[in-house]
file work.txt (compact mmCIF, C-alpha atoms)
# COMPACT_ATOMS: atom_id res chain seq x y z
CA MET A 1164 -32.49 27.66 14.23
CA MET A 1165 -29.42 29.26 12.71
CA GLU A 1166 -29.29 31.84 15.51
CA ASN A 1167 -29.37 29.36 18.36
CA VAL A 1168 -25.95 29.64 19.96
CA VAL A 1169 -26.37 26.63 22.25
CA ILE A 1170 -27.02 24.19 19.40
CA ARG A 1171 -24.13 25.55 17.35
CA THR A 1172 -21.62 25.45 20.21
CA VAL A 1173 -22.58 21.98 21.38
CA SER A 1174 -22.49 20.51 17.88
CA ARG A 1175 -19.17 22.22 17.15
CA LEU A 1176 -17.84 20.42 20.24
CA ALA A 1177 -19.51 17.08 19.49
CA VAL A 1178 -18.79 16.61 15.79
CA PRO A 1179 -15.01 15.91 16.11
CA PHE A 1180 -15.62 13.33 18.80
CA ILE A 1181 -18.28 11.57 16.71
CA GLN A 1182 -15.88 11.47 13.77
CA ILE A 1183 -13.02 10.11 15.89
CA PHE A 1184 -15.37 7.45 17.24
CA ALA A 1185 -16.32 6.53 13.67
CA LEU A 1186 -12.67 6.13 12.68
CA TYR A 1187 -12.08 4.03 15.81
CA VAL A 1188 -14.98 1.77 14.89
CA ILE A 1189 -13.59 1.29 11.36
CA VAL A 1190 -10.05 0.53 12.55
CA HIS A 1191 -11.14 -1.62 15.48
CA GLY A 1192 -13.29 -3.82 13.25
CA ALA A 1193 -10.73 -6.63 13.10
CA SER A 1194 -10.57 -7.25 16.82
CA GLY A 1195 -13.95 -6.32 18.22
CA ALA A 1196 -17.49 -5.35 17.31
CA GLY A 1197 -17.49 -2.87 14.45
CA GLY A 1198 -16.40 -2.57 10.87
CA GLY A 1199 -16.72 -0.54 7.73
CA PHE A 1200 -20.50 -0.36 7.48
CA GLN A 1201 -21.05 0.77 11.06
CA GLY A 1202 -18.19 3.28 11.05
CA GLY A 1203 -19.28 4.77 7.75
CA VAL A 1204 -22.83 5.24 8.96
CA VAL A 1205 -21.63 6.85 12.23
CA PHE A 1206 -19.48 9.22 10.16
CA ALA A 1207 -22.54 10.10 8.05
CA ALA A 1208 -24.44 10.79 11.30
CA SER A 1209 -21.91 13.51 12.15
CA PHE A 1210 -22.75 15.14 8.81
CA ILE A 1211 -26.45 15.03 9.77
CA LEU A 1212 -25.65 16.83 13.02
CA MET A 1213 -23.74 19.48 11.08
CA ILE A 1214 -26.67 19.90 8.66
CA ILE A 1215 -29.08 20.35 11.59
CA ALA A 1216 -26.85 22.86 13.37
CA PHE A 1217 -25.33 24.95 10.58
CA GLY A 1218 -27.79 24.52 7.72
CA MET A 1219 -27.51 22.65 4.44
CA ALA A 1220 -25.81 25.45 2.48
CA ASN A 1221 -22.90 25.79 4.89
CA VAL A 1222 -22.17 22.06 4.90
CA ARG A 1223 -22.44 21.91 1.11
CA ARG A 1224 -19.86 24.69 0.89
CA ARG A 1225 -17.37 22.37 2.63
CA ILE A 1226 -18.00 19.36 0.38
CA ASP A 1227 -20.47 19.45 -2.49
CA ASN A 1228 -22.43 16.71 -4.27
CA ARG A 1229 -19.76 16.14 -6.88
CA GLY A 1230 -17.01 15.76 -4.27
CA ILE A 1231 -19.05 13.32 -2.20
CA MET A 1232 -19.68 11.14 -5.28
CA TRP A 1233 -15.95 11.10 -6.02
CA LEU A 1234 -15.30 9.98 -2.43
CA SER A 1235 -17.72 7.09 -2.94
CA VAL A 1236 -15.92 6.06 -6.13
CA ILE A 1237 -12.58 6.23 -4.29
CA GLY A 1238 -13.89 3.91 -1.58
CA ILE A 1239 -15.06 1.29 -4.07
CA SER A 1240 -11.76 1.65 -5.95
CA ILE A 1241 -9.74 0.88 -2.81
CA TYR A 1242 -11.72 -2.31 -2.30
CA ALA A 1243 -11.60 -3.44 -5.93
CA GLY A 1244 -7.95 -2.36 -6.22
CA ILE A 1245 -6.92 -4.78 -3.49
CA GLY A 1246 -8.84 -7.49 -5.31
CA PHE A 1247 -7.03 -6.74 -8.58
CA LEU A 1248 -3.71 -6.55 -6.70
CA ALA A 1249 -4.28 -10.18 -5.75
CA LEU A 1250 -4.93 -10.94 -9.43
CA LEU A 1251 -1.62 -9.26 -10.35
CA MET A 1252 0.22 -11.41 -7.78
CA ALA A 1253 -0.99 -14.57 -9.58
CA GLY A 1254 -3.79 -15.36 -7.16
CA ASN A 1255 -7.57 -15.35 -7.39
CA PHE A 1256 -9.65 -12.19 -6.99
CA LEU A 1257 -9.37 -10.98 -3.35
CA GLU A 1258 -7.08 -13.88 -2.37
CA TYR A 1259 -5.04 -12.27 0.40
CA ALA A 1260 -2.67 -15.22 0.74
CA ALA A 1261 -1.31 -14.54 -2.76
CA ILE A 1262 -0.35 -10.95 -1.85
CA GLU A 1263 1.18 -12.16 1.39
CA ALA A 1264 3.27 -14.80 -0.39
CA ALA A 1265 4.40 -12.43 -3.17
CA LEU A 1266 5.46 -9.61 -0.86
CA GLY A 1267 6.99 -11.96 1.71
CA ILE A 1268 5.56 -10.14 4.72
CA PRO A 1269 3.96 -12.43 7.33
CA HIS A 1270 0.61 -11.58 9.00
CA LEU A 1271 -0.51 -9.28 6.20
CA HIS A 1272 -4.12 -10.54 6.31
CA GLY A 1273 -5.14 -8.23 9.14
CA ILE A 1274 -3.72 -5.11 7.46
CA LEU A 1275 -5.36 -5.95 4.13
CA ILE A 1276 -8.70 -6.55 5.85
CA ASP A 1277 -8.32 -3.17 7.59
CA LEU A 1278 -7.69 -1.51 4.21
CA VAL A 1279 -10.77 -3.20 2.75
CA GLU A 1280 -12.83 -2.05 5.74
CA ALA A 1281 -11.56 1.51 5.23
CA GLY A 1282 -12.69 1.35 1.60
CA ILE A 1283 -16.13 0.09 2.65
CA GLY A 1284 -16.34 2.85 5.27
CA ILE A 1285 -15.50 5.65 2.81
CA ALA A 1286 -17.93 4.33 0.19
CA VAL A 1287 -20.82 3.86 2.65
CA MET A 1288 -20.24 7.26 4.27
CA ALA A 1289 -20.18 9.06 0.92
CA ALA A 1290 -23.27 7.26 -0.41
CA MET A 1291 -25.28 7.96 2.77
CA VAL A 1292 -24.28 11.67 2.82
CA SER A 1293 -25.19 11.95 -0.86
CA ILE A 1294 -28.64 10.41 -0.23
CA ILE A 1295 -29.23 12.76 2.70
CA TYR A 1296 -28.15 15.80 0.63
CA ASP A 1297 -30.63 14.84 -2.06
CA ILE A 1298 -33.62 13.94 0.11
CA ALA A 1299 -33.23 16.67 2.75
CA GLY A 1300 -32.32 19.47 0.33
CA ASN A 1301 -35.08 20.88 -1.82
CA GLY A 1302 -33.80 19.65 -5.14
CA GLU A 1303 -31.23 22.38 -5.60
CA GLU A 1304 -27.62 21.70 -6.45
CA SER A 1305 -24.71 23.55 -4.94
CA SER A 1306 -22.15 23.73 -7.69
CA MET B 794 -51.84 -32.07 25.05
CA ILE B 795 -51.45 -28.90 27.10
CA GLU B 796 -47.97 -29.89 28.25
CA SER B 797 -46.79 -30.67 24.76
CA PHE B 798 -48.13 -27.31 23.56
CA TYR B 799 -46.26 -25.61 26.43
CA GLU B 800 -43.09 -27.46 25.48
CA LEU B 801 -43.48 -26.47 21.83
CA PHE B 802 -44.07 -22.84 22.80
CA LEU B 803 -41.12 -22.59 25.18
CA SER B 804 -38.68 -24.04 22.67
CA ARG B 805 -39.86 -22.14 19.58
CA TYR B 806 -41.48 -18.86 20.72
CA ASN B 807 -38.87 -16.79 18.87
CA TYR B 808 -39.85 -18.18 15.49
CA TRP B 809 -43.53 -17.62 16.29
CA MET B 810 -42.95 -13.98 17.15
CA ALA B 811 -40.92 -13.52 13.96
CA ILE B 812 -43.83 -14.95 11.95
CA ILE B 813 -46.33 -12.66 13.70
CA LEU B 814 -44.15 -9.61 12.91
CA MET B 815 -43.84 -10.79 9.31
CA LEU B 816 -47.64 -11.05 9.00
CA ILE B 817 -48.07 -7.53 10.41
CA GLY B 818 -45.64 -6.19 7.82
CA LEU B 819 -47.30 -8.14 5.01
CA TYR B 820 -50.73 -6.84 6.01
CA ALA B 821 -49.46 -3.25 5.98
CA LEU B 822 -47.87 -3.86 2.60
CA ILE B 823 -51.13 -5.14 1.09
CA ALA B 824 -53.92 -3.23 2.79
CA LYS B 825 -52.59 0.24 3.64
CA GLN B 826 -53.31 2.95 1.09
CA ASN B 827 -50.65 5.47 2.07
CA LEU B 828 -47.32 4.91 0.33
CA VAL B 829 -45.15 5.85 3.35
CA LYS B 830 -47.15 3.35 5.43
CA LYS B 831 -46.30 0.73 2.83
CA ILE B 832 -42.59 1.49 3.25
CA ILE B 833 -42.96 1.18 7.03
CA GLY B 834 -44.59 -2.21 6.46
CA LEU B 835 -41.70 -3.22 4.21
CA ASN B 836 -39.25 -2.28 6.98
CA ILE B 837 -41.15 -4.38 9.54
CA PHE B 838 -41.25 -7.32 7.09
CA GLN B 839 -37.46 -7.08 6.59
CA THR B 840 -36.64 -6.95 10.28
CA ALA B 841 -38.89 -9.95 10.91
CA ILE B 842 -36.86 -12.01 8.44
CA PHE B 843 -33.65 -10.78 10.11
CA LEU B 844 -35.02 -11.84 13.50
CA PHE B 845 -35.75 -15.31 12.11
CA TYR B 846 -32.17 -15.66 10.82
CA ILE B 847 -30.51 -14.46 14.02
CA SER B 848 -32.79 -16.76 16.02
CA PHE B 849 -31.52 -19.90 14.38
CA ALA B 850 -27.92 -18.75 14.82
CA GLU B 851 -28.33 -18.71 18.60
CA VAL B 852 -26.65 -21.49 20.60
CA ARG B 853 -27.52 -21.94 24.26
CA GLY B 854 -24.51 -21.08 26.40
CA GLY B 855 -22.47 -19.76 23.47
CA THR B 856 -20.64 -16.44 23.46
CA ALA B 857 -20.46 -13.72 20.80
CA PRO B 858 -18.39 -14.70 17.71
CA ILE B 859 -15.18 -12.89 18.76
CA TYR B 860 -12.32 -15.16 19.79
CA THR B 861 -11.74 -15.37 23.52
CA ALA B 862 -8.55 -16.62 25.20
CA GLU B 863 -9.62 -20.24 24.66
CA GLY B 864 -9.39 -19.89 20.88
CA VAL B 865 -11.38 -22.29 18.72
CA HIS B 866 -12.35 -24.57 21.60
CA ALA B 867 -14.86 -22.27 23.27
CA LEU B 868 -18.55 -22.44 22.30
CA TYR B 869 -19.56 -19.65 19.93
CA VAL B 870 -22.86 -18.82 18.26
CA ASN B 871 -23.08 -19.51 14.52
CA PRO B 872 -21.34 -16.57 12.74
CA LEU B 873 -22.60 -17.18 9.19
CA PRO B 874 -26.19 -15.81 9.60
CA HIS B 875 -24.70 -12.71 11.25
CA VAL B 876 -22.64 -12.03 8.12
CA LEU B 877 -25.63 -12.50 5.83
CA ILE B 878 -27.83 -10.21 7.91
CA LEU B 879 -25.11 -7.56 8.25
CA THR B 880 -25.10 -7.12 4.49
CA ALA B 881 -28.90 -7.40 4.27
CA ILE B 882 -29.47 -4.52 6.71
CA VAL B 883 -27.37 -2.10 4.65
CA VAL B 884 -29.07 -3.20 1.42
CA GLY B 885 -32.39 -2.63 3.21
CA VAL B 886 -31.59 0.99 3.99
CA SER B 887 -30.65 1.65 0.38
CA VAL B 888 -33.96 0.11 -0.74
CA THR B 889 -35.74 2.42 1.72
CA ALA B 890 -33.85 5.45 0.39
CA VAL B 891 -34.75 4.73 -3.25
CA ALA B 892 -38.40 4.06 -2.34
CA LEU B 893 -38.66 7.30 -0.36
CA SER B 894 -37.14 9.33 -3.17
CA LEU B 895 -39.65 7.78 -5.58
CA ILE B 896 -42.44 8.82 -3.19
CA VAL B 897 -41.09 12.39 -2.99
CA ARG B 898 -40.94 12.50 -6.79
CA ILE B 899 -44.53 11.19 -7.09
CA TYR B 900 -45.73 13.83 -4.64
CA GLU B 901 -43.97 16.60 -6.57
CA GLU B 902 -45.50 15.43 -9.84
CA TYR B 903 -49.06 14.51 -8.83
CA GLY B 904 -49.55 15.97 -5.35
CA VAL B 905 -51.02 12.77 -3.89
CA LEU B 906 -49.74 10.17 -1.46
CA ASP B 907 -52.56 7.61 -1.59
CA GLU B 908 -52.55 4.68 -3.94
CA ASP B 909 -56.12 4.95 -5.30
CA GLU B 910 -55.93 8.74 -5.78
CA LEU B 911 -52.59 8.23 -7.54
CA MET B 912 -54.16 5.76 -9.98
CA LEU B 913 -56.99 8.25 -10.64
CA ALA B 914 -54.52 11.11 -11.20
CA VAL B 915 -52.39 9.01 -13.56
CA ARG B 916 -55.46 7.97 -15.57
CA LYS B 917 -56.71 11.56 -15.79
CA ARG B 918 -53.44 12.81 -17.25
CA MET C 715 -59.76 -4.94 0.26
CA LYS C 716 -58.98 -5.05 3.96
CA THR C 717 -60.87 -8.28 4.63
CA LYS C 718 -59.31 -9.91 1.57
CA ALA C 719 -55.85 -8.92 2.79
CA LEU C 720 -56.63 -10.21 6.26
CA ILE C 721 -57.78 -13.57 4.89
CA ALA C 722 -54.66 -13.94 2.73
CA VAL C 723 -52.35 -12.97 5.61
CA LEU C 724 -54.07 -15.39 8.00
CA PHE C 725 -53.82 -18.20 5.44
CA ILE C 726 -50.05 -17.63 5.03
CA GLY C 727 -49.74 -17.39 8.80
CA ILE C 728 -51.41 -20.77 9.41
CA ILE C 729 -49.07 -22.44 6.91
CA LEU C 730 -45.98 -20.86 8.49
CA PHE C 731 -47.05 -21.71 12.05
CA TRP C 732 -47.54 -25.29 10.91
CA ALA C 733 -44.03 -25.32 9.40
CA VAL C 734 -42.34 -24.00 12.55
CA GLU C 735 -43.05 -27.33 14.29
CA ASP C 736 -40.30 -28.95 12.19
CA MET C 737 -37.64 -26.34 13.00
CA PRO C 738 -34.97 -27.26 15.55
CA ALA C 739 -35.58 -25.85 19.02
CA PHE C 740 -34.40 -22.31 19.81
CA GLY C 741 -30.77 -22.33 20.96
CA ASP C 742 -30.28 -26.04 20.33
CA PRO C 743 -26.51 -26.76 20.08
CA ASP C 744 -27.20 -29.87 17.94
CA ALA C 745 -29.11 -28.04 15.20
CA PRO C 746 -27.83 -28.88 11.70
CA ALA C 747 -27.08 -25.25 10.80
CA THR C 748 -24.82 -24.88 13.83
CA GLN C 749 -23.20 -28.30 13.61
CA TYR C 750 -21.58 -28.26 10.17
CA THR C 751 -21.17 -24.90 8.42
CA GLY C 752 -20.96 -22.68 11.47
CA GLN C 753 -18.49 -24.93 13.25
CA LEU C 754 -16.37 -25.12 10.07
CA TYR C 755 -16.01 -21.34 9.96
CA VAL C 756 -15.31 -21.09 13.69
CA ASP C 757 -12.56 -23.71 13.40
CA SER C 758 -10.87 -22.33 10.30
CA VAL C 759 -10.87 -18.53 10.74
CA LEU C 760 -8.14 -18.36 13.38
CA PRO C 761 -5.54 -20.49 11.53
CA ASP C 762 -6.48 -19.06 8.09
CA ILE C 763 -6.89 -15.34 8.71
CA GLY C 764 -5.62 -14.75 12.24
CA ILE C 765 -7.92 -11.91 13.33
CA ASP C 766 -10.22 -12.03 16.32
CA ASN C 767 -13.60 -11.00 14.99
CA ILE C 768 -15.06 -13.98 13.12
CA VAL C 769 -17.85 -11.95 11.48
CA THR C 770 -15.43 -9.41 9.98
CA ALA C 771 -13.11 -12.18 8.82
CA ILE C 772 -15.90 -13.98 6.94
CA LEU C 773 -17.29 -10.68 5.61
CA ALA C 774 -13.99 -9.45 4.16
CA SER C 775 -12.21 -12.62 3.11
CA TYR C 776 -14.39 -15.69 2.50
CA ARG C 777 -17.32 -13.59 1.26
CA GLY C 778 -15.29 -10.68 -0.06
CA PHE C 779 -16.80 -10.75 -3.52
CA ASP C 780 -20.27 -10.71 -1.99
CA THR C 781 -19.42 -7.62 0.05
CA LEU C 782 -17.94 -5.85 -2.99
CA GLY C 783 -21.23 -6.36 -4.81
CA GLU C 784 -23.08 -5.01 -1.84
CA VAL C 785 -21.00 -1.82 -1.68
CA VAL C 786 -21.78 -1.37 -5.37
CA VAL C 787 -25.49 -1.74 -4.50
CA ILE C 788 -25.25 1.14 -2.02
CA PHE C 789 -23.38 3.27 -4.59
CA THR C 790 -26.10 2.51 -7.15
CA ALA C 791 -28.76 3.57 -4.64
CA GLY C 792 -26.95 6.90 -4.17
CA ILE C 793 -26.79 7.45 -7.93
CA SER C 794 -30.47 6.60 -8.43
CA VAL C 795 -31.57 8.96 -5.65
CA ALA C 796 -29.46 11.69 -7.26
CA LEU C 797 -30.99 11.00 -10.67
CA LEU C 798 -34.52 11.05 -9.26
CA LEU C 799 -34.34 14.18 -7.13
CA ARG C 800 -31.77 16.59 -8.57
CA ARG C 801 -33.13 19.36 -10.79
CA GLY C 802 -36.66 18.05 -10.28
CA GLY C 803 -35.95 14.71 -11.89
CA ARG C 804 -35.33 16.16 -15.36
CA LEU C 805 -32.00 15.29 -16.91
CA MET D 1362 -29.98 -15.68 27.26
CA ILE D 1363 -32.84 -15.16 29.71
CA TRP D 1364 -36.08 -16.27 28.14
CA GLU D 1365 -38.34 -14.01 30.19
CA LEU D 1366 -36.45 -10.88 29.08
CA ASP D 1367 -36.41 -12.18 25.53
CA PHE D 1368 -40.16 -12.78 25.54
CA ALA D 1369 -40.94 -9.38 27.06
CA LEU D 1370 -38.84 -7.60 24.41
CA LEU D 1371 -40.58 -9.55 21.64
CA VAL D 1372 -44.01 -8.58 23.00
CA PHE D 1373 -42.94 -4.92 23.10
CA MET D 1374 -41.78 -5.25 19.51
CA ILE D 1375 -45.15 -6.57 18.38
CA ILE D 1376 -46.90 -3.71 20.18
CA CYS D 1377 -44.58 -1.20 18.47
CA ALA D 1378 -45.14 -2.79 15.05
CA VAL D 1379 -48.94 -2.68 15.40
CA ALA D 1380 -48.74 0.93 16.62
CA ALA D 1381 -46.46 1.94 13.73
CA ILE D 1382 -48.93 0.78 11.11
CA THR D 1383 -52.12 1.99 12.81
CA VAL D 1384 -51.14 5.55 13.87
CA LYS D 1385 -52.63 8.18 11.54
CA ASP D 1386 -49.82 10.73 11.81
CA LEU D 1387 -46.84 9.67 9.70
CA LEU D 1388 -44.28 11.45 11.91
CA HIS D 1389 -45.55 9.56 14.96
CA ALA D 1390 -45.36 6.32 12.99
CA THR D 1391 -41.71 7.07 12.14
CA ILE D 1392 -40.79 7.68 15.76
CA VAL D 1393 -42.52 4.45 16.80
CA LEU D 1394 -40.55 2.64 14.07
CA ALA D 1395 -37.31 4.03 15.57
CA ALA D 1396 -38.35 2.69 18.97
CA TYR D 1397 -39.03 -0.68 17.30
CA SER D 1398 -35.50 -0.70 15.85
CA LEU D 1399 -33.99 0.19 19.22
CA ILE D 1400 -35.82 -2.67 20.98
CA MET D 1401 -34.60 -4.97 18.21
CA THR D 1402 -31.03 -3.79 18.90
CA VAL D 1403 -31.33 -4.77 22.57
CA LEU D 1404 -32.77 -8.15 21.54
CA TRP D 1405 -29.85 -8.86 19.21
CA ALA D 1406 -27.22 -7.77 21.70
CA GLU D 1407 -28.90 -10.16 24.11
CA MET D 1408 -28.76 -12.96 21.48
CA ASN D 1409 -24.94 -12.50 21.19
CA ALA D 1410 -25.05 -10.92 17.72
CA VAL D 1411 -22.99 -7.83 18.60
CA ASP D 1412 -22.04 -6.79 15.06
CA VAL D 1413 -25.62 -6.99 13.84
CA ALA D 1414 -26.81 -5.07 16.90
CA PHE D 1415 -24.32 -2.26 16.19
CA THR D 1416 -25.38 -2.08 12.56
CA GLU D 1417 -29.06 -2.00 13.46
CA ALA D 1418 -28.49 0.73 16.06
CA THR D 1419 -26.73 2.99 13.56
CA VAL D 1420 -28.64 2.16 10.39
CA GLY D 1421 -32.12 1.18 11.55
CA ALA D 1422 -32.61 3.64 14.37
CA GLY D 1423 -30.44 6.43 12.92
CA ILE D 1424 -30.28 6.80 9.17
CA THR D 1425 -33.69 5.27 8.36
CA THR D 1426 -35.45 7.65 10.76
CA VAL D 1427 -33.64 10.65 9.30
CA LEU D 1428 -34.58 9.60 5.77
CA PHE D 1429 -38.23 9.11 6.71
CA ILE D 1430 -38.40 12.49 8.48
CA ALA D 1431 -36.76 14.26 5.53
CA ALA D 1432 -39.17 12.63 3.09
CA ILE D 1433 -42.22 13.45 5.25
CA ALA D 1434 -41.03 17.07 5.54
CA ARG D 1435 -41.09 17.32 1.74
CA THR D 1436 -44.50 15.62 1.36
CA ARG D 1437 -47.53 15.47 3.66
CA ARG D 1438 -47.70 14.54 7.32
CA SER D 1439 -51.24 13.26 7.71
CA SER D 1440 -52.48 9.96 6.37
CA SER D 1441 -55.94 8.58 5.74
CA ASP D 1442 -55.28 5.16 7.25

call {"tool": "encode", "arguments": {"input": "work.txt", "output": "structure tokens"}}
result
Amino acid sequence: MMENVVIRTVSRLAVPFIQIFALYVIVHGASGAGGGFQGGVVFAASFILMIIAFGMANVRRRIDNRGIMWLSVIGISIYAGIGFLALLMAGNFLEYAAIEAALGIPHLHGILIDLVEAGIGIAVMAAMVSIIYDIAGNGEESS
Amino acid sequence: MIESFYELFLSRYNYWMAIILMLIGLYALIAKQNLVKKIIGLNIFQTAIFLFYISFAEVRGGTAPIYTAEGVHALYVNPLPHVLILTAIVVGVSVTAVALSLIVRIYEEYGVLDEDELMLAVRKR
Amino acid sequence: MKTKALIAVLFIGIILFWAVEDMPAFGDPDAPATQYTGQLYVDSVLPDIGIDNIVTAILASYRGFDTLGEVVVIFTAGISVALLLRRGGRL
Amino acid sequence: MIWELDFALLVFMIICAVAAITVKDLLHATIVLAAYSLIMTVLWAEMNAVDVAFTEATVGAGITTVLFIAAIARTRRSSSD
């Protein structure tokens, strides 16, 4: 499969568009159908296409198991960090109105919800790619 | 009698189909020997419950829960079951992933995929 | 085994079919689930949060703690798959 | 919501579910399960649950199928029942 030039060329063309669509789904979640879970899973699907076209070892050279786990931790930290930011601004956990009142910027709810969705998207993408690395690879580790 | 049955069917067929799907999944979960078949049954069981939830969120003549130009005065379907099911689907795929990795691990260790043979192999060891 | 499973499944099925009779009709606008809680969320999301998608608004703000726990569930699933399958399951 | 379309999709779903648990070959069962998820996506889009339909299309028909195929590739394809 590695020698098939058609599969490699088409997937090299398709992967950036899939990833841009995933980012659009995450960002557009506040005003239409979509959100963090869906966008993260679509982003993980682009990784699956890369694994099919270029082989597991080449994709793992770009980002290994350790890096993907750190990405997942970063995603959860973004989400929980916004929650603790609300605690710092004398509100309840994840109370967006407290942050809005403390910073004095109106209509901050939408931006904060977009940030939360981005955190969900990163965490879901990283967890799904990690699961696929582990189940589809034959038990070896890259690093 | 026949007319009342027809009335009952036309107004509640969605719940009936959800229950039939749930029974198919439950049967696969109990009676099938192969472990991957059991996971497929678990998936069917899950989606049947999701279908039941989404069915009672439906409102006749309502639109999707995204605000239109009329704001809060338009008729929308109930958004709360959608939220619950949205989280439940993603939890379901993580359950499937853990179950499949357990199956792969069992196959590496014992070389069997059937339930009875697995019990025999465990007892022999 | 198969006949026993079939009998158990049919027994559960008869009970559930019996219970469906008491459910509100499919798509009924006067059903209790739609009347109170659903209508409350539909009325209060636009003045409270101000974004268009009601599902995302409930998911990220009213039920934000719930969703945080769920993201942690997915992360835990990733960790358990890694623990089970890397290096042949031996730590 | 058109009840004839709704009913036809539900009948297809029951056929797919029965086929998925009776087929001997596990790879065929996985593909039938993906078809089941896709029909369920259409049903939910038709019931006005657009977010849930999107999630099911990506997660149920995409990632779950890939996970099943990867697990079957590492174990055995045939099944006794």

call {"tool": "closest_atom_pairs", "arguments": {"input": "work.txt", "of": "stretch 800-892 of chain B", "to": "stretch 746-761 of chain C", "cutoff": "10 Å", "atoms": "only C-alpha atoms", "output": "Markdown table"}}
result
| residue | atom | partner | partner_atom | distance |
| --- | --- | --- | --- | --- |
| B:Phe849 | CA | C:Ala747 | CA | 7.8 |
| B:Ala850 | CA | C:Thr748 | CA | 6.9 |
| B:Glu851 | CA | C:Thr748 | CA | 8.6 |
| B:Val852 | CA | C:Thr748 | CA | 7.8 |
| B:Pro858 | CA | C:Val756 | CA | 8.2 |
| B:Ile859 | CA | C:Val756 | CA | 9.6 |
| B:Tyr860 | CA | C:Leu760 | CA | 8.3 |
| B:Gly864 | CA | C:Leu760 | CA | 7.8 |
| B:Val865 | CA | C:Asp757 | CA | 5.6 |
| B:His866 | CA | C:Asp757 | CA | 8.2 |
| B:Ala867 | CA | C:Val756 | CA | 9.7 |
| B:Leu868 | CA | C:Val756 | CA | 9.3 |
| B:Tyr869 | CA | C:Val756 | CA | 7.7 |
| B:Val870 | CA | C:Thr748 | CA | 7.8 |
| B:Asn871 | CA | C:Gly752 | CA | 4.9 |
| B:Pro872 | CA | C:Gly752 | CA | 6.3 |
| B:Leu873 | CA | C:Gly752 | CA | 6.2 |
| B:Pro874 | CA | C:Gly752 | CA | 8.8 |

call {"tool": "write_last_selection", "arguments": {"input": "work.txt", "atoms": "C-alpha atoms", "output": "PDB file, keeping the file's coordinate frame"}}
result
ATOM      1  CA  PHE B 849     -31.520 -19.900  14.380  1.00  0.00           C
ATOM      2  CA  ALA B 850     -27.920 -18.750  14.820  1.00  0.00           C
ATOM      3  CA  GLU B 851     -28.330 -18.710  18.600  1.00  0.00           C
ATOM      4  CA  VAL B 852     -26.650 -21.490  20.600  1.00  0.00           C
ATOM      5  CA  PRO B 858     -18.390 -14.700  17.710  1.00  0.00           C
ATOM      6  CA  ILE B 859     -15.180 -12.890  18.760  1.00  0.00           C
ATOM      7  CA  TYR B 860     -12.320 -15.160  19.790  1.00  0.00           C
ATOM      8  CA  GLY B 864      -9.390 -19.890  20.880  1.00  0.00           C
ATOM      9  CA  VAL B 865     -11.380 -22.290  18.720  1.00  0.00           C
ATOM     10  CA  HIS B 866     -12.350 -24.570  21.600  1.00  0.00           C
ATOM     11  CA  ALA B 867     -14.860 -22.270  23.270  1.00  0.00           C
ATOM     12  CA  LEU B 868     -18.550 -22.440  22.300  1.00  0.00           C
ATOM     13  CA  TYR B 869     -19.560 -19.650  19.930  1.00  0.00           C
ATOM     14  CA  VAL B 870     -22.860 -18.820  18.260  1.00  0.00           C
ATOM     15  CA  ASN B 871     -23.080 -19.510  14.520  1.00  0.00           C
ATOM     16  CA  PRO B 872     -21.340 -16.570  12.740  1.00  0.00           C
ATOM     17  CA  LEU B 873     -22.600 -17.180   9.190  1.00  0.00           C
ATOM     18  CA  PRO B 874     -26.190 -15.810   9.600  1.00  0.00           C
TER      19      PRO B 874
END

call {"tool": "interface_residues", "arguments": {"input": "work.txt", "of": "chain B", "to": "chain A", "cutoff": "10 Å", "atoms": "only C-alpha atoms", "output": "list in words"}}
result
Ala857, Pro858, Ile859, Tyr860, Leu879, Thr880, Ile882, Val883, Val886, Ser887, Ala890, Val891, Leu893, Ser894 and Val897 of chain B

call {"tool": "residues_near_point", "arguments": {"input": "work.txt", "point": "(-13.6, 9.7, 11.9)", "cutoff": "10 Å", "atoms": "all atoms listed in the file", "output": "list in words"}}
result
Val1178, Pro1179, Phe1180, Ile1181, Gln1182, Ile1183, Phe1184, Ala1185, Leu1186, Tyr1187, Val1188, Ile1189, Val1190, Gly1202, Gly1203, Val1205, Phe1206, Ala1207, Ser1209 and Gly1284 of chain A

call {"tool": "closest_residue", "arguments": {"input": "work.txt", "among": "D:Ala1396, D:Ala1422, D:Ala1406, D:Ala1390", "to": "D:Ser1439", "atoms": "only C-alpha atoms"}}
result
D:Ala1390

call {"tool": "residues_around", "arguments": {"input": "work.txt", "residues": "stretch 1364-1369 of chain D", "least_positions_apart": "6", "cutoff": "12 Å", "atoms": "only C-alpha atoms", "output": "short mmCIF file (atom, residue, chain, number, x, y, z; two decimals) with C-alpha atoms, in the coordinates of the input"}}
result
data_model
loop_
_atom_site.label_atom_id
_atom_site.label_comp_id
_atom_site.auth_asym_id
_atom_site.auth_seq_id
_atom_site.Cartn_x
_atom_site.Cartn_y
_atom_site.Cartn_z
CA PHE B 802 -44.07 -22.84 22.80
CA LEU B 803 -41.12 -22.59 25.18
CA SER B 804 -38.68 -24.04 22.67
CA ARG B 805 -39.86 -22.14 19.58
CA TYR B 806 -41.48 -18.86 20.72
CA ASN B 807 -38.87 -16.79 18.87
CA TYR B 808 -39.85 -18.18 15.49
CA TRP B 809 -43.53 -17.62 16.29
CA MET B 810 -42.95 -13.98 17.15
CA ALA B 811 -40.92 -13.52 13.96
CA SER B 848 -32.79 -16.76 16.02
CA ARG B 853 -27.52 -21.94 24.26
CA PHE C 740 -34.40 -22.31 19.81
CA GLY C 741 -30.77 -22.33 20.96
CA ILE D 1375 -45.15 -6.57 18.38
CA ILE D 1376 -46.90 -3.71 20.18
CA ILE D 1400 -35.82 -2.67 20.98
CA MET D 1401 -34.60 -4.97 18.21
CA THR D 1402 -31.03 -3.79 18.90
CA VAL D 1403 -31.33 -4.77 22.57
CA LEU D 1404 -32.77 -8.15 21.54
CA TRP D 1405 -29.85 -8.86 19.21
CA ALA D 1406 -27.22 -7.77 21.70
CA GLU D 1407 -28.90 -10.16 24.11
CA MET D 1408 -28.76 -12.96 21.48
#
